[in-house]
Amino acid sequence: MALHDVTKVYPNGNRALNGVDLMVPDGDFVFLVGPSGAGKTTLTRLLLRDELATGGIVYVDGRDLAGLRRRDVPAMRRRIGIVFQDFKLLPSKTVRENVAFALEVTGTPRVAIGPAVERALALVGLSGVAEQRPAQLSGGEQQRTAIARAMVHNPRIVIADEPTGNLDPLISWEILQLLLHINELGTTVLMATHNAEVVTALRKRVVALEEGRIVRDEIGGGYHHAY
Amino acid sequence: MIRFVAFAARRAVEGFWRNRVMSVAATVTMVLMLLLLSGLLIVLSGLSAGLTFVQQKVDVQAYLNDGVAPDKITALTLQLEALPEVASVTYKNKDQALAEWRAQQAAQGNADLVAVTGTNPIPASLNIKLKDPGVYGQVVSVLKAPPGVISRIDETQQVVDAIIAITNVLRTVGLVILIMVALTVLFIVVNTIRMAVMARADEIEIMRLVGASDAFIRWPFIFEGLLVGLLGAVVTLAILGLGATPLSHLTNTLVNEVPIGFDQRLGEQVAVLVVGAGLVLGGLGAWISVRSYLIR
């Protein structure tokens, strides 16, 4: 995915992104850091085409999102897995049903749903609690359920918006290990986070946003700039 | 395709049940509207059947006093036949009139009361067919001229005019009421479905983000609207089915002579109309409701 000179101005005049240039090659692992309101969430929304950029070009999986027809958007989104801070699981459905939901609502044949769900659950290590409901699970397990749901379409890209924001440090590490594992299997991962500890420890590529601008983009960087 | 329909139908039933108070309220309003609609259709078609029936009958019927000399009747007949407006004149004597009246009573299942009295109370009559049903000319004045011959004159035109007037008023008033009720129903369905949409806001967001197409998001709600319409139609038809027989007797008692009834053709028309109107209103309401939610 790539962004070129992307600007996003909301109708209320709030300038969320300002001239952002970002290249993420296939198979990369990128941390997106910055204070609240820096534009991290806006950036993930643009990549999902939940919103359109005011200016500039957003490419995802080789396609210019501005030129995408409305009816082609769903197919594009199936190639991106999305994970949120608040998990966004359906409380009335079991873990298995939550993961299967992503396939059901995209018209996947029933015979294909079962095996794909099993594979995704095995990937995140939740096969044992597949029949539990989210309320019966720990926060880490809920987030892993959400990751399984994101992975069930075999996406090229996973976007995680503060996936560890609601989790304690130990569980955060588990989630991060899982995302790294997914990345090793060939999926591009873009993770927006506040978690300075993990960013600094992992020495991956770090893109820092401040007031809608990219202020730093370095490989092997820490959460904070090394002054 | 089948999978999609099954998915949408399953979620529609889920949604209907989850939001059952509002769903039942919408269905009840739908039933009221459909009852009004079918009632209007039945009354209007009854009136129009009555109209045709009356128009086919003789145009002027003059009842004769008992015991009028036959030559006076013949003279009057000839006089009438000479008028340019008149197509034909037929004389019906008391025996013929009684036989017809008895046949009519028997057809309606009434007891033959004349047999009790032992006399014939039915008058003889002159039935005058006009060339143009609207043009009477001198017919009435000629009939009234000889004293003591004619007891009463029925002019069909008066009946026809009355029926047409009633039909027009009913059609206009009924249509206005119907439109108002239909708008209310639409409003309630829109609100019911909107509540269902809001109750599923989380699900809809997840569906959008995992790449569900608009059809997958929209159709379950439209099915839910259609379900309200269909249920309303079924309840309405059940009520009509239960009420048809007593109602039919009632109309026969009120308007004997004129054949108003729930014949099969009318029944089919009502059924099609009720089901159609229910589905259209339910579906349209849901469509409006989801549309405003999806576009953003």
# chains A, B, ... in the order shown; residues from 1 in each chain; ligands from 1

call {"tool": "select_by_dssp", "arguments": {"residues": "segment 36-264 of chain B", "states": "strand (DSSP E)", "output": "number ranges by chain"}}
result
B: 60-64, 86-92, 125-130, 150-155

call {"tool": "residues_around", "arguments": {"residues": "Val129 of chain A", "least_positions_apart": "4", "cutoff": "12 Å", "atoms": "only C-alpha atoms", "output": "ChimeraX atom specification"}}
result
/A:94-97,118,121-122,124-125,133-138,141-142,144-145

call {"tool": "interface_residues", "arguments": {"of": "chain A", "to": "chain B", "cutoff": "6 Å", "atoms": "only C-alpha atoms", "output": "VMD selection string"}}
result
chain A and resid 74 77 to 78 102 105 to 106

call {"tool": "write_last_selection", "arguments": {"atoms": "C-alpha atoms", "output": "PDB file, in the first residue's frame"}}
result
ATOM      1  CA  PRO A  74     -16.563  -4.813  -0.382  1.00  0.00           C
ATOM      2  CA  ARG A  77     -12.083  -4.815   2.041  1.00  0.00           C
ATOM      3  CA  ARG A  78     -12.008  -8.618   2.023  1.00  0.00           C
ATOM      4  CA  ALA A 102     -17.133 -12.520   8.336  1.00  0.00           C
ATOM      5  CA  VAL A 105     -21.958 -11.990   5.280  1.00  0.00           C
ATOM      6  CA  THR A 106     -19.686 -12.046   2.274  1.00  0.00           C
TER       7      THR A 106
END

call {"tool": "residues_around", "arguments": {"residues": "Asn191 of chain B", "least_positions_apart": "6", "cutoff": "10 Å", "atoms": "only C-alpha atoms", "output": "list in words"}}
result
Met22, Ser23, Ala26, Val185, Val197, Gly285, Ala286, Ile288 and Ser289 of chain B

call {"tool": "write_last_selection", "arguments": {"atoms": "C-alpha atoms", "output": "JSON list (two decimals), in the first residue's frame"}}
result
[["chain", "number", "residue", "atom", "x", "y", "z"],
["B", 22, "MET", "CA", -42.56, -2.63, 17.69],
["B", 23, "SER", "CA", -42.97, -5.38, 15.09],
["B", 26, "ALA", "CA", -46.43, -2.29, 12.96],
["B", 185, "VAL", "CA", -48.38, 2.59, 8.26],
["B", 197, "VAL", "CA", -31.19, -1.22, 12.15],
["B", 285, "GLY", "CA", -40.84, 1.31, 4.49],
["B", 286, "ALA", "CA", -37.82, -0.88, 5.14],
["B", 288, "ILE", "CA", -36.53, 3.98, 2.98],
["B", 289, "SER", "CA", -35.27, 3.21, 6.46]]

call {"tool": "residues_around", "arguments": {"residues": "Gly212 of chain A", "least_positions_apart": "4", "cutoff": "10 Å", "atoms": "only C-alpha atoms", "output": "CSV table (one decimal) with C-alpha atoms, in the first residue's frame"}}
result
chain,number,residue,atom,x,y,z
A,6,VAL,CA,-2.6,12.6,1.1
A,7,THR,CA,-4.6,15.2,2.8
A,8,LYS,CA,-7.8,14.7,4.8
A,15,ARG,CA,-7.2,18.9,9.1
A,16,ALA,CA,-6.5,15.3,10.2
A,17,LEU,CA,-3.8,14.5,7.6
A,18,ASN,CA,-1.6,16.9,5.8
A,19,GLY,CA,0.6,15.9,2.8
A,20,VAL,CA,1.3,12.3,4.0
A,34,GLY,CA,1.9,9.3,17.6
A,37,GLY,CA,-5.4,13.0,17.4
A,38,ALA,CA,-2.3,12.8,15.3
A,39,GLY,CA,-4.2,11.1,12.5
A,40,LYS,CA,-3.5,7.4,13.0
A,42,THR,CA,-7.9,8.6,10.0
A,43,LEU,CA,-5.1,6.9,8.2
A,208,ALA,CA,5.5,8.7,13.6

call {"tool": "closest_residue", "arguments": {"among": "A:Thr200, A:Asn195, A:Asn14, A:Gln143", "to": "Leu89 of chain A", "atoms": "only C-alpha atoms"}}
result
A:Gln143

call {"tool": "residues_around", "arguments": {"residues": "Asp28 of chain A", "least_positions_apart": "6", "cutoff": "10 Å", "atoms": "only C-alpha atoms", "output": "short mmCIF file (atom, residue, chain, number, x, y, z; two decimals) with C-alpha atoms, in the first residue's frame"}}
result
data_model
loop_
_atom_site.label_atom_id
_atom_site.label_comp_id
_atom_site.auth_asym_id
_atom_site.auth_seq_id
_atom_site.Cartn_x
_atom_site.Cartn_y
_atom_site.Cartn_z
CA ILE A 157 -2.84 -6.80 4.66
CA ASN A 183 3.63 -11.16 9.30
CA GLU A 184 6.17 -13.98 9.01
CA GLY A 186 3.65 -13.21 4.46
CA THR A 187 0.90 -10.80 5.43
CA THR A 188 1.65 -7.10 5.56
CA VAL A 189 0.91 -5.70 9.02
CA LEU A 190 0.25 -2.07 9.88
CA LYS A 204 10.77 -2.68 13.41
CA ARG A 205 9.92 0.11 11.01
#

call {"tool": "atom_distance", "arguments": {"atom1": "atom CA of Asp217 of chain A", "atom2": "atom CA of Phe31 of chain A"}}
result
9.7 Å
